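J.: Please find one structure pasted underneath; my questions will follow.
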Amino acid sequence: MAFNPLFGQSIHYGADYNPEQWLHMPEILKDDLRMMPEAHMNIMSLGMFSWAALEKEEGVFDFSWLDRVLDNLNERGIKVFLSTPSGARPAWLSEKYPEVLRVNEKRQRALHGGRQNHCMTSPVYREKVRIIDTKLAERYAHHPAVIAWHLSNEYGGYCHCPLCQARFREYLKERYGSLDNLNQQWWNTFWSHAYTSWEQIESPSPIGENAVHALSIDWQRFTSHNALDFCKMERDTVKAFNPDLPVTANFMEFFRDYDYFEWAKELDFISWDSYPQWHVFKDSEYVAAYTAMNHDLMRSLKGGQPFVLMESTPSATNWRPLSTLKRPGMHTLASLQAVAHGADSVQIFQWRKSRGSSEKFHGAAVDHVGHLNTRVGREVIDLGAKLEKLAPIAGSEMQAEVALILDTQNRWALEDSQGPRNQGMDYLGVCLDFYTPFWRRGINVDVIDETCDLSKYKVVVAPMTYMLRGDYAERVEKFVREGGTYVSSFWSGIVNDTDLCFLGGFPGPLRKVMGIWEEEIDSLDDDYEVRVKTLEGLPFFDEDSYHAGFLCGLVHCEGSEALAFYDGEFYQGMPVLTHNHYGEGHSYYVAARMDKKFMEGLVGRLEYECGLKRALTTHLPKGVTAHERVNGDDHFVFIGNYGEHGKNIKLHAQYVDMFSGDTVTGICRLPPFSARVLKRIN
Amino acid sequence: MAFNPLFGQSIHYGADYNPEQWLHMPEILKDDLRMMPEAHMNIMSLGMFSWAALEKEEGVFDFSWLDRVLDNLNERGIKVFLSTPSGARPAWLSEKYPEVLRVNEKRQRALHGGRQNHCMTSPVYREKVRIIDTKLAERYAHHPAVIAWHLSNEYGGYCHCPLCQARFREYLKERYGSLDNLNQQWWNTFWSHAYTSWEQIESPSPIGENAVHALSIDWQRFTSHNALDFCKMERDTVKAFNPDLPVTANFMEFFRDYDYFEWAKELDFISWDSYPQWHVFKDSEYVAAYTAMNHDLMRSLKGGQPFVLMESTPSATNWRPLSTLKRPGMHTLASLQAVAHGADSVQIFQWRKSRGSSEKFHGAAVDHVGHLNTRVGREVIDLGAKLEKLAPIAGSEMQAEVALILDTQNRWALEDSQGPRNQGMDYLGVCLDFYTPFWRRGINVDVIDETCDLSKYKVVVAPMTYMLRGDYAERVEKFVREGGTYVSSFWSGIVNDTDLCFLGGFPGPLRKVMGIWEEEIDSLDDDYEVRVKTLEGLPFFDEDSYHAGFLCGLVHCEGSEALAFYDGEFYQGMPVLTHNHYGEGHSYYVAARMDKKFMEGLVGRLEYECGLKRALTTHLPKGVTAHERVNGDDHFVFIGNYGEHGKNIKLHAQYVDMFSGDTVTGICRLPPFSARVLKRIN
Amino acid sequence: MAFNPLFGQSIHYGADYNPEQWLHMPEILKDDLRMMPEAHMNIMSLGMFSWAALEKEEGVFDFSWLDRVLDNLNERGIKVFLSTPSGARPAWLSEKYPEVLRVNEKRQRALHGGRQNHCMTSPVYREKVRIIDTKLAERYAHHPAVIAWHLSNEYGGYCHCPLCQARFREYLKERYGSLDNLNQQWWNTFWSHAYTSWEQIESPSPIGENAVHALSIDWQRFTSHNALDFCKMERDTVKAFNPDLPVTANFMEFFRDYDYFEWAKELDFISWDSYPQWHVFKDSEYVAAYTAMNHDLMRSLKGGQPFVLMESTPSATNWRPLSTLKRPGMHTLASLQAVAHGADSVQIFQWRKSRGSSEKFHGAAVDHVGHLNTRVGREVIDLGAKLEKLAPIAGSEMQAEVALILDTQNRWALEDSQGPRNQGMDYLGVCLDFYTPFWRRGINVDVIDETCDLSKYKVVVAPMTYMLRGDYAERVEKFVREGGTYVSSFWSGIVNDTDLCFLGGFPGPLRKVMGIWEEEIDSLDDDYEVRVKTLEGLPFFDEDSYHAGFLCGLVHCEGSEALAFYDGEFYQGMPVLTHNHYGEGHSYYVAARMDKKFMEGLVGRLEYECGLKRALTTHLPKGVTAHERVNGDDHFVFIGNYGEHGKNIKLHAQYVDMFSGDTVTGICRLPPFSARVLKRIN
């Protein structure tokens, strides 16, 4: 794998640094430079919110303070992710050019305030960003401290202004060619919705059109495309001064606004901001699996290349309903979980708590007390020391034989469409149902979308693939024909790219591969379950019965074999799990949302049938997981205990503990909320 | 009764048909024509959403496709309800004439989109609708397939635009004559709210006036009146070409927006769209009673004339939080319930599922799979076969000796007024409390409003008649004086037509008839109950105690006799149920919302005392009901089992089963979710 | 204490009177004059909503009806609080001058309607109010019936119109001098939020800036200041005609909009509208303590001067979700509670129920039935008779040795700031936790804010003093140094006046006085608790263990002594209650929100340690409280039973019952929901 030159030397460790807040208190800045090395930090993310400090009036620039900060950091060997400041614009810009202010879905233009809320179409905004980006790049693209560009901050959201409407119409013209074609693809005959001029098309709105699903999906596609176009403008602006300096943009948790697989193609490396709700949700294993799935997605966005954990908190956030403190050990465990899943950098937000304004109570390395001799500060230091010892892991791979399809465009379509369950389709939850048993067993999983190559996997798991995009169905067919194992679920194969239903029986073009016809789907309330029985003596399924709920597909086998059946409701006896041989491969269809034990049984069967690799072959108690990164012949196992009680596991091989250097064999102890990193030596 | 000539031959059976969606797939249209007779369908509802397909540009018409569809249907003996397309306008109309777009209560004008969202005052909209309606009527008013006009689709909603404000003021001028009179009737002295010019009056708004209840009520009256005026314009337009073709407009479930009793006068027959939440609410008996009450309302709107069930779903809807499938049998049972209560036509929405856009997952006869050989398709066919056998029932009456007052204007006033229970007055729920025991016993009930004739009933039940409109109190007094039995409840007789309280003691002008004074009313939280005791040994009341809750009136007997009493709270010993002799008749006052057993006791007493007829004299187990339609000397009994378990009932007479032709006597079996129709033969 | 001449003669008893609603029914007005003395009423509040009746068109005045009403009242010896009518303006004013209509936070201008919704900046509105106020004062400032002015009605709310924005900027200029200073005090460097022109500053908005907390706090300060400026304009207008006539403005329950301590300085006496949710919240003791705390705040606003209970309901309100009736006795008990805590007047809203419009179902003395012979009417009369007997109490003091800090500006800052618990900081609830044990014991408490003098108290209790305003910290330090006892809690000493965090360790400038450092704070979900243990054998703390929750501060003792400790979570063993000697005084820090028994223990210790006085030394059973007013040598004890069961207490001295005149000694009986007033005679 052609990894980015950024990675491979050591694990980067650092924080968001906002020195412009403290320019009037120079002793603070001096303290910072003293304490950063104490915390073993070697990189800072700088400049994200500096626009107003760099360009106080339109066209009047002052880089002197930033020069000093960069030089000071450089002198101490601290590297920098340098941000473009487009995420939060100065007030003078909004005041002079109101077109930069977003218009919401109710068509009301925003007042100045907040952040990440500019119109990404606005020519003025693009020009003003281009100018400040140019100034920054001119000056710092070759600065020895700067090792990458961090474009803007958390690109996101929508603007419905007239400029965006016009651009949306252009996008649609290009996509559909003619209005007749668009009307047909969107099924606009219904409710007399045919357009007769492009000008009639408006983005979806609660006070306008909100029930033409193809319009909604295309609007999502356009906004993702348009924001990416803005991002590319920023990228090209800074790259013009040093094409070798890599760029990233910090991504967010299972972000719904944009299609990150499209975005990933335009960036040199991936970074993301991870704020799991540890301890707020009592079930830490759930939080851990959910977060692992997100890390796996981030790693998979660029085909396995290491990524940067760009933001995290060493303690509480300040923006959730509850700011429960991270328990001792949890920050280290969570940071090492990121590394286990492919991160080569751990960054926290932020280095020092602001004194005022909105985020002053967000966790940081340095609290308002002003030193590192705090519970959190000591953990920050301890983590730094540990990460230094993980340098050998830098640049290593996480190899996966299993892929999970988690497709953002499918999510848009699935969740927007009025259908079996408007009270919530829970796409992420259903994906997590399928992901968790792999994660618990320590089987690595890539998280990809429908456009990705399937051929390199043994198993592809595709829950609720309501929308089959482009040639995906053909590639699935080829994948199975050539020996792959494909697992799908209820409510799959329903519509094409423009949300038109497949005619002739669901799951549409996958009907043959799956060997089934899903005639109907029943929707059950959250507290309602249907009993399920498997074939007598079915291996890996040891329970007397299981439970289905949420959505229950009513499926007929067409060549496939039924392995489990409903044992209740009027569809008693109909299949819940089918297995089909197709070409050299297999397929499974899970017709209903099943309980955990059933999913464990299914993954047990897949592991056995497909010979899937695990990080550790030993039994892992509840709450403990193990994942492996590989560097050539070196195998590193990350073991995490997400429970509040200590656990032991029994190792079947010999290892070196990366932190202590001790040899580890036999019983391996795991205190509560702790992680160990072991290198295999035999 | 002078029934509409439309009815009396056979039970119509059909669906909404939207062929314009499939014009580019002619094989689909061919399949449709083949399958409709297979499903025993004999009528289609056509043209509802066809405006954009008929008038693609302003003034450019194309009826060729509709000609073909109508001729094809006619050739196969399929009749048509032909719609005017005003319910969903083409985009070019909104684009060119923004005045047609509604303005919401916050005074924001809508963007184009959705449906049934035009301004009904707009002269432009009225004119454009008049033109397309004229074109349709010119061409099809004498087409042999067309047997009735279906005006627009589900008229509803409000517009607050300046044109509507002006029309509202005209309406008020006519109603009140002078501002002084209006100010006094609305009690505008309070909060300094007197108007000194008509221009100061604005419709209620969350950003303006929202606490002058008389204004709110008159705004409701005006919008109902104004929409009806629009409807009459459509009616007169189409009738001009064939005065004999009857018209309807499809009504909705206990619709709050408009006063359907006013509307019914202007239409030739009633039709409505019924989507009960079978299986979503676990208590099917509740859903059945609620739906029966609505059917009874629809039948009563035109004095008992048969009505058309214009829309229903053979399986799930797509627009509810949960789309639970109709269990086997339920579609047939629900359809026959409509017929039992007076429907002479069963229509489903829609014939074939759309391929795309908002309603593609709404239940239909033909699913995306494209044929009728599905669970739902087979049930559609089976129902068709059954309805054919019910031809003898067509045009028959449902005779009622009991009337329930369910008055929409009372509902507006009751629910808007800030008073004892702003967290919800549950008018429909309280009405259903009184209705259900009659329904369970198979006693037919008309559901009327305060303007209707009372003299033909033995019993009139009037729960929470907060507002006594016009001469209603006088007519009640006359009804009782002449021998009728009048049953009322807490929070009755409080205000007049303009929401002015009756002075001198509640229930105002009914104080004498009821023989009581309600001094106060206590409001209890949902989980709080007060025990109630009846007079020792009171017939029909066999429980040791009962429970009151919700609202508890504190009543003094003034000549009436107390039959039950509070047994708790500071009003212990005060009456809960009073009985009064007045003239030749009786009255009962139920001072609190009582539990089911109490209501059963009360209705048991009424049945006995007033000698009310039941469809079957036998005991009906829980979940089973029986209702009777009568055609001259022929008596037809519809028996429905709404439970998920089979039930038996014991017949006391001999019958013929209308579906099998078998003679039925003694034990009559009822599978789960099933209906039987029996004709009495002795 | 220099009391207002208004007080000291007798207890005023009366109601809001709105005769203008009944001018067309003169017999009603006659009945009123007859019944008021029957109810023992001696004062009416008049004119609040009379603007439209006094000035029907702009500049056209008619005072004739008001002349008559005032003369009629005067003839019967009934006094009047005369209102200025600015709380509800005539429709002609909104129509002609739209600038008087408020603009909401989304920048939408209101339509006419409602009340108390004018722009307080608008020069037109100020002028129109000045004119009508002048007319009233000219005519009535020396009328013998009028004993005070009641300015407007329930001043409240915000306006975001351009006029208010401009005035807000002026206010900020004055406060901060320069933009540089403002930017620094508001910490605007963060998120690039620095302003470069005053015009860029806009009030907070959901569609604009909403995360700059200092902006939000200053906006609150400005709106309080601006509304007070309006109020002062009204005051000065009416005072110009008779400087001796005192003025008030009716305040509201723990009102968040404005800073009443600022307002109190500008008014001659305090009045407020009290609508406790008796019986709606099942725990009457909770409602009673909550209401008592509010009465204590009102009394403390002007340093202990008696206040007026300006509004209350003799039965239900009409504007709450549920209008549960006041149980027999409760109206009397609640009214006497107000007197116990310092009220010298009891007023109800309103004398007679309106016949129509929004408040027609609000409790009143005279119901729609038209006479006083109702349950409520009889209680109104009975209360009147009792209040007459309390004349000796008029003008007496309530002496407090304890002060509770409940600071509105702190509340703004605390609740707006994004921090440990965005799901709710429950400032009032935490204050009530500290207040209730004093109240239960009958220890009088003043409720003051941070600007008030502390030196006169033995104990100052200051929960969650997140913001330390001005020189408060210095005054606390002095207070303790000189012998006072200061009790504070978690999340105190965090920010200064502009929401900038104290650097160097919390509780900031109070760190020395408290002898602690609060390093972190943990936020727990509502259903989660941590066990707490005290030092073995700690007096007043008899339980084996206690419970902490909500927020748990992690505190280090720095010279203080820990008395109680967490017994769970990772902070097991850290202090929960600390005690510090400082100078001549003490301080206590309660690090977490503690259960009731713990708070009882703490207050028990304070009572003993500081020798605090109680109204009665006897044991008070749950639900019963006693409070004392003192008039020179006369001691009056108000004993209230807030429970639904009768209770007895044992008196340790001899008393006279103020209502019966009987001597009371030994056992004193208290029926459910009852109050007794006893005068000590030995």
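Each chain of the structure tokens is named A, B, ... in the order shown, its residues numbered from 1; ligands are numbered from 1 in display order.
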Could you name the residues that touch Arg680 in chain A at 10 Å or less, counting only C-alpha atoms, but leaving out those on the same chain fewer than 2 positions away, as a PDB file with N, CA and C atoms, in the first residue's frame?

T.:
ATOM      1  N   ASP A 633       6.560  -8.135   8.896  1.00  0.00           N
ATOM      2  CA  ASP A 633       6.438  -9.362   9.683  1.00  0.00           C
ATOM      3  C   ASP A 633       6.053  -9.108  11.134  1.00  0.00           C
ATOM      4  N   ASP A 634       5.979  -7.858  11.501  1.00  0.00           N
ATOM      5  CA  ASP A 634       5.664  -7.529  12.897  1.00  0.00           C
ATOM      6  C   ASP A 634       4.154  -7.459  13.110  1.00  0.00           C
ATOM      7  N   HIS A 635       3.725  -8.183  14.129  1.00  0.00           N
ATOM      8  CA  HIS A 635       2.300  -8.196  14.466  1.00  0.00           C
ATOM      9  C   HIS A 635       2.101  -7.527  15.821  1.00  0.00           C
ATOM     10  N   PHE A 636       1.250  -6.510  15.823  1.00  0.00           N
ATOM     11  CA  PHE A 636       0.975  -5.784  17.060  1.00  0.00           C
ATOM     12  C   PHE A 636      -0.495  -5.993  17.425  1.00  0.00           C
ATOM     13  N   VAL A 637      -0.704  -6.414  18.658  1.00  0.00           N
ATOM     14  CA  VAL A 637      -2.077  -6.641  19.100  1.00  0.00           C
ATOM     15  C   VAL A 637      -2.448  -5.592  20.147  1.00  0.00           C
ATOM     16  N   ALA A 653       0.295 -17.286  22.791  1.00  0.00           N
ATOM     17  CA  ALA A 653       1.626 -17.083  22.183  1.00  0.00           C
ATOM     18  C   ALA A 653       2.423 -16.179  23.110  1.00  0.00           C
ATOM     19  N   GLN A 654       3.636 -15.855  22.691  1.00  0.00           N
ATOM     20  CA  GLN A 654       4.480 -14.991  23.511  1.00  0.00           C
ATOM     21  C   GLN A 654       4.533 -13.601  22.897  1.00  0.00           C
ATOM     22  N   TYR A 655       4.562 -12.609  23.764  1.00  0.00           N
ATOM     23  CA  TYR A 655       4.514 -11.218  23.304  1.00  0.00           C
ATOM     24  C   TYR A 655       5.477 -10.369  24.114  1.00  0.00           C
ATOM     25  N   VAL A 656       5.792  -9.187  23.543  1.00  0.00           N
ATOM     26  CA  VAL A 656       6.471  -8.147  24.322  1.00  0.00           C
ATOM     27  C   VAL A 656       5.479  -7.021  24.548  1.00  0.00           C
ATOM     28  N   ASP A 657       5.406  -6.543  25.769  1.00  0.00           N
ATOM     29  CA  ASP A 657       4.568  -5.388  26.082  1.00  0.00           C
ATOM     30  C   ASP A 657       5.276  -4.139  25.570  1.00  0.00           C
ATOM     31  N   THR A 663       8.310  -9.234  28.704  1.00  0.00           N
ATOM     32  CA  THR A 663       7.735 -10.356  27.964  1.00  0.00           C
ATOM     33  C   THR A 663       6.409 -10.752  28.630  1.00  0.00           C
ATOM     34  N   VAL A 664       5.409 -11.044  27.805  1.00  0.00           N
ATOM     35  CA  VAL A 664       4.087 -11.379  28.331  1.00  0.00           C
ATOM     36  C   VAL A 664       3.668 -12.725  27.764  1.00  0.00           C
ATOM     37  N   VAL A 677      -0.658  -2.940  24.498  1.00  0.00           N
ATOM     38  CA  VAL A 677      -0.220  -3.180  23.122  1.00  0.00           C
ATOM     39  C   VAL A 677       0.912  -4.190  23.188  1.00  0.00           C
ATOM     40  N   LEU A 678       0.697  -5.317  22.521  1.00  0.00           N
ATOM     41  CA  LEU A 678       1.654  -6.425  22.587  1.00  0.00           C
ATOM     42  C   LEU A 678       2.215  -6.700  21.195  1.00  0.00           C
ATOM     43  N   ASN A 682       6.539 -14.924  18.884  1.00  0.00           N
ATOM     44  CA  ASN A 682       6.639 -16.291  18.343  1.00  0.00           C
ATOM     45  C   ASN A 682       5.314 -16.716  17.762  1.00  0.00           C
TER      46      ASN A 682
END

J.: Can you list, as number ranges by chain, every protein, DNA or RNA residue that comes within 7 Å of Gly419 in chain C when you count only C-alpha atoms, leaving out same-chain residues fewer than 3 positions away?

T.: A: 318-319, 361; C: 422

J.: Calculate how many Å separate CA of Lys650 in chain A from CA of Thr665 in chain A, rounding to one decimal.

T.: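 Taking CA of Lys650 in chain A as the start and CA of Thr665 in chain A as the end point, the length is 8.0 Å.
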
J.: Counting only C-alpha atoms, which residues of chain B come no farther than 6 Å from chain C, as a short mmCIF file (atom, residue, chain, number, x, y, z; two decimals) with all heavy atoms, in the first residue's frame?

T.:
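And here is the file that came out, part_27.cif:
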data_model
loop_
_atom_site.label_atom_id
_atom_site.label_comp_id
_atom_site.auth_asym_id
_atom_site.auth_seq_id
_atom_site.Cartn_x
_atom_site.Cartn_y
_atom_site.Cartn_z
N TRP B 187 -66.12 40.07 23.40
CA TRP B 187 -65.66 40.51 24.72
C TRP B 187 -64.28 41.18 24.64
O TRP B 187 -63.38 40.91 25.40
CB TRP B 187 -65.62 39.32 25.69
CG TRP B 187 -65.86 39.74 27.12
CD1 TRP B 187 -64.91 39.80 28.11
CD2 TRP B 187 -67.08 40.16 27.72
NE1 TRP B 187 -65.48 40.23 29.29
CE2 TRP B 187 -66.82 40.46 29.08
CE3 TRP B 187 -68.38 40.33 27.24
CZ2 TRP B 187 -67.80 40.90 29.96
CZ3 TRP B 187 -69.36 40.77 28.11
CH2 TRP B 187 -69.06 41.05 29.46
N THR B 189 -63.30 44.11 25.31
CA THR B 189 -62.84 45.07 26.32
C THR B 189 -61.66 44.49 27.09
O THR B 189 -60.77 45.20 27.53
CB THR B 189 -63.97 45.39 27.32
OG1 THR B 189 -65.21 45.26 26.66
CG2 THR B 189 -63.79 46.76 27.89
N TRP B 191 -58.24 42.99 28.12
CA TRP B 191 -56.91 43.22 27.57
C TRP B 191 -56.89 44.35 26.52
O TRP B 191 -56.08 44.34 25.61
CB TRP B 191 -56.32 41.95 26.95
CG TRP B 191 -55.88 40.92 27.94
CD1 TRP B 191 -56.02 40.95 29.29
CD2 TRP B 191 -55.22 39.69 27.65
NE1 TRP B 191 -55.50 39.84 29.86
CE2 TRP B 191 -54.99 39.03 28.87
CE3 TRP B 191 -54.80 39.06 26.47
CZ2 TRP B 191 -54.36 37.79 28.95
CZ3 TRP B 191 -54.18 37.84 26.54
CH2 TRP B 191 -53.95 37.20 27.78
N SER B 192 -57.86 45.28 26.62
CA SER B 192 -57.85 46.45 25.73
C SER B 192 -57.93 46.07 24.26
O SER B 192 -57.30 46.70 23.41
CB SER B 192 -56.57 47.26 25.98
OG SER B 192 -56.89 48.55 26.45
N TYR B 195 -61.46 46.64 18.70
CA TYR B 195 -61.04 47.12 17.38
C TYR B 195 -61.75 48.42 17.06
O TYR B 195 -62.94 48.58 17.38
CB TYR B 195 -61.39 46.10 16.29
CG TYR B 195 -60.69 44.77 16.45
CD1 TYR B 195 -61.38 43.65 16.90
CD2 TYR B 195 -59.34 44.64 16.13
CE1 TYR B 195 -60.75 42.42 17.03
CE2 TYR B 195 -58.70 43.41 16.26
CZ TYR B 195 -59.41 42.31 16.72
OH TYR B 195 -58.78 41.10 16.84
N ILE B 207 -47.71 34.69 16.13
CA ILE B 207 -46.95 35.94 16.30
C ILE B 207 -47.90 37.14 16.39
O ILE B 207 -47.49 38.28 16.20
CB ILE B 207 -45.92 36.16 15.18
CG1 ILE B 207 -46.62 36.22 13.81
CG2 ILE B 207 -44.86 35.07 15.17
CD1 ILE B 207 -45.81 36.94 12.76
N GLY B 208 -49.18 36.86 16.66
CA GLY B 208 -50.12 37.98 16.80
C GLY B 208 -51.18 37.59 17.81
O GLY B 208 -50.86 37.11 18.90
N GLU B 209 -52.42 37.74 17.44
CA GLU B 209 -53.51 37.44 18.37
C GLU B 209 -53.77 35.94 18.41
O GLU B 209 -53.96 35.31 17.39
CB GLU B 209 -54.77 38.17 17.89
CG GLU B 209 -55.86 38.15 18.91
CD GLU B 209 -55.36 38.76 20.22
OE1 GLU B 209 -55.31 39.99 20.33
OE2 GLU B 209 -54.99 37.97 21.12
N ALA B 211 -55.40 34.59 21.58
CA ALA B 211 -56.12 34.29 22.82
C ALA B 211 -57.54 34.83 22.82
O ALA B 211 -58.23 34.75 23.81
CB ALA B 211 -55.34 34.85 24.02
N VAL B 212 -57.98 35.41 21.72
CA VAL B 212 -59.37 35.84 21.63
C VAL B 212 -60.13 34.69 20.99
O VAL B 212 -60.09 34.48 19.78
CB VAL B 212 -59.48 37.14 20.79
CG1 VAL B 212 -60.94 37.52 20.61
CG2 VAL B 212 -58.72 38.27 21.48
N HIS B 213 -60.78 33.89 21.81
CA HIS B 213 -61.32 32.62 21.33
C HIS B 213 -62.41 32.83 20.29
O HIS B 213 -62.52 32.05 19.35
CB HIS B 213 -61.84 31.81 22.50
CG HIS B 213 -60.78 31.55 23.51
ND1 HIS B 213 -59.60 30.93 23.18
CD2 HIS B 213 -60.66 31.88 24.81
CE1 HIS B 213 -58.83 30.85 24.25
NE2 HIS B 213 -59.44 31.44 25.25
N GLN B 418 -59.03 28.44 26.63
CA GLN B 418 -58.17 28.16 27.79
C GLN B 418 -59.04 27.93 29.00
O GLN B 418 -59.75 28.83 29.44
CB GLN B 418 -57.26 29.35 28.04
CG GLN B 418 -56.07 29.37 27.10
CD GLN B 418 -54.95 30.18 27.70
OE1 GLN B 418 -55.15 31.32 28.06
NE2 GLN B 418 -53.76 29.61 27.80
N GLY B 419 -58.99 26.73 29.53
CA GLY B 419 -59.89 26.45 30.64
C GLY B 419 -59.39 25.32 31.50
O GLY B 419 -58.21 25.23 31.81
N PRO B 420 -60.29 24.41 31.86
CA PRO B 420 -59.93 23.45 32.90
C PRO B 420 -58.82 22.48 32.52
O PRO B 420 -58.19 21.91 33.39
CB PRO B 420 -61.25 22.71 33.16
CG PRO B 420 -62.16 23.04 32.04
CD PRO B 420 -61.70 24.34 31.48
N ARG B 421 -58.59 22.30 31.23
CA ARG B 421 -57.67 21.22 30.89
C ARG B 421 -56.96 21.56 29.58
O ARG B 421 -57.29 21.00 28.53
CB ARG B 421 -58.47 19.92 30.73
CG ARG B 421 -57.79 18.74 31.35
CD ARG B 421 -58.65 17.52 31.38
NE ARG B 421 -57.89 16.45 31.96
CZ ARG B 421 -56.97 15.76 31.31
NH1 ARG B 421 -56.71 16.02 30.05
NH2 ARG B 421 -56.28 14.81 31.92
N ASN B 422 -55.97 22.45 29.67
CA ASN B 422 -55.27 22.84 28.45
C ASN B 422 -54.38 21.73 27.93
O ASN B 422 -53.95 21.76 26.79
CB ASN B 422 -54.46 24.12 28.71
CG ASN B 422 -55.36 25.26 29.14
OD1 ASN B 422 -56.47 25.41 28.63
ND2 ASN B 422 -54.92 26.04 30.10
N GLN B 423 -54.10 20.74 28.77
CA GLN B 423 -53.27 19.63 28.28
C GLN B 423 -54.09 18.67 27.43
O GLN B 423 -53.56 17.70 26.91
CB GLN B 423 -52.59 18.89 29.43
CG GLN B 423 -53.48 18.00 30.26
CD GLN B 423 -52.72 17.38 31.44
OE1 GLN B 423 -51.93 18.04 32.12
NE2 GLN B 423 -52.92 16.11 31.69
N LEU B 500 -69.30 33.40 24.58
CA LEU B 500 -69.64 34.15 25.80
C LEU B 500 -70.29 33.19 26.79
O LEU B 500 -71.22 32.46 26.44
CB LEU B 500 -70.60 35.29 25.48
CG LEU B 500 -70.06 36.46 24.67
CD1 LEU B 500 -71.15 37.53 24.50
CD2 LEU B 500 -68.82 37.07 25.33
N CYS B 501 -69.81 33.23 28.03
CA CYS B 501 -70.35 32.33 29.04
C CYS B 501 -71.80 32.66 29.35
O CYS B 501 -72.19 33.83 29.42
CB CYS B 501 -69.55 32.46 30.33
SG CYS B 501 -67.92 31.72 30.19
N LEU B 503 -74.52 33.38 31.83
CA LEU B 503 -74.52 33.89 33.21
C LEU B 503 -75.66 33.23 33.98
O LEU B 503 -76.65 32.82 33.38
CB LEU B 503 -74.68 35.42 33.19
CG LEU B 503 -73.58 36.16 32.43
CD1 LEU B 503 -73.81 37.67 32.49
CD2 LEU B 503 -72.19 35.83 32.99
N GLY B 504 -75.49 33.09 35.27
CA GLY B 504 -76.59 32.57 36.08
C GLY B 504 -76.49 31.09 36.40
O GLY B 504 -77.43 30.54 36.97
N GLY B 505 -75.39 30.46 36.04
CA GLY B 505 -75.22 29.06 36.46
C GLY B 505 -75.24 28.09 35.30
O GLY B 505 -76.15 28.11 34.47
N ASP B 522 -63.41 20.15 38.48
CA ASP B 522 -62.05 19.85 38.93
C ASP B 522 -61.33 19.09 37.82
O ASP B 522 -61.91 18.23 37.15
CB ASP B 522 -62.11 18.98 40.19
CG ASP B 522 -60.78 18.96 40.93
OD1 ASP B 522 -59.99 19.91 40.78
OD2 ASP B 522 -60.53 17.98 41.65
N SER B 523 -60.06 19.41 37.64
CA SER B 523 -59.29 18.80 36.57
C SER B 523 -58.21 17.93 37.18
O SER B 523 -57.43 18.38 38.01
CB SER B 523 -58.67 19.94 35.75
OG SER B 523 -57.89 19.43 34.72
#

J.: Can you list, as a list in words, all residues belonging to range 188-353 of chain C that DSSP tags as strand (DSSP E)?

T.: Val247, Thr248, Asn250, Phe251, Ser271, Trp272, Asp273, Phe307, Val308, Leu309, Met310, Glu311, Ala343, Asp344, Ser345, Val346, Gln347 and Ile348 of chain C
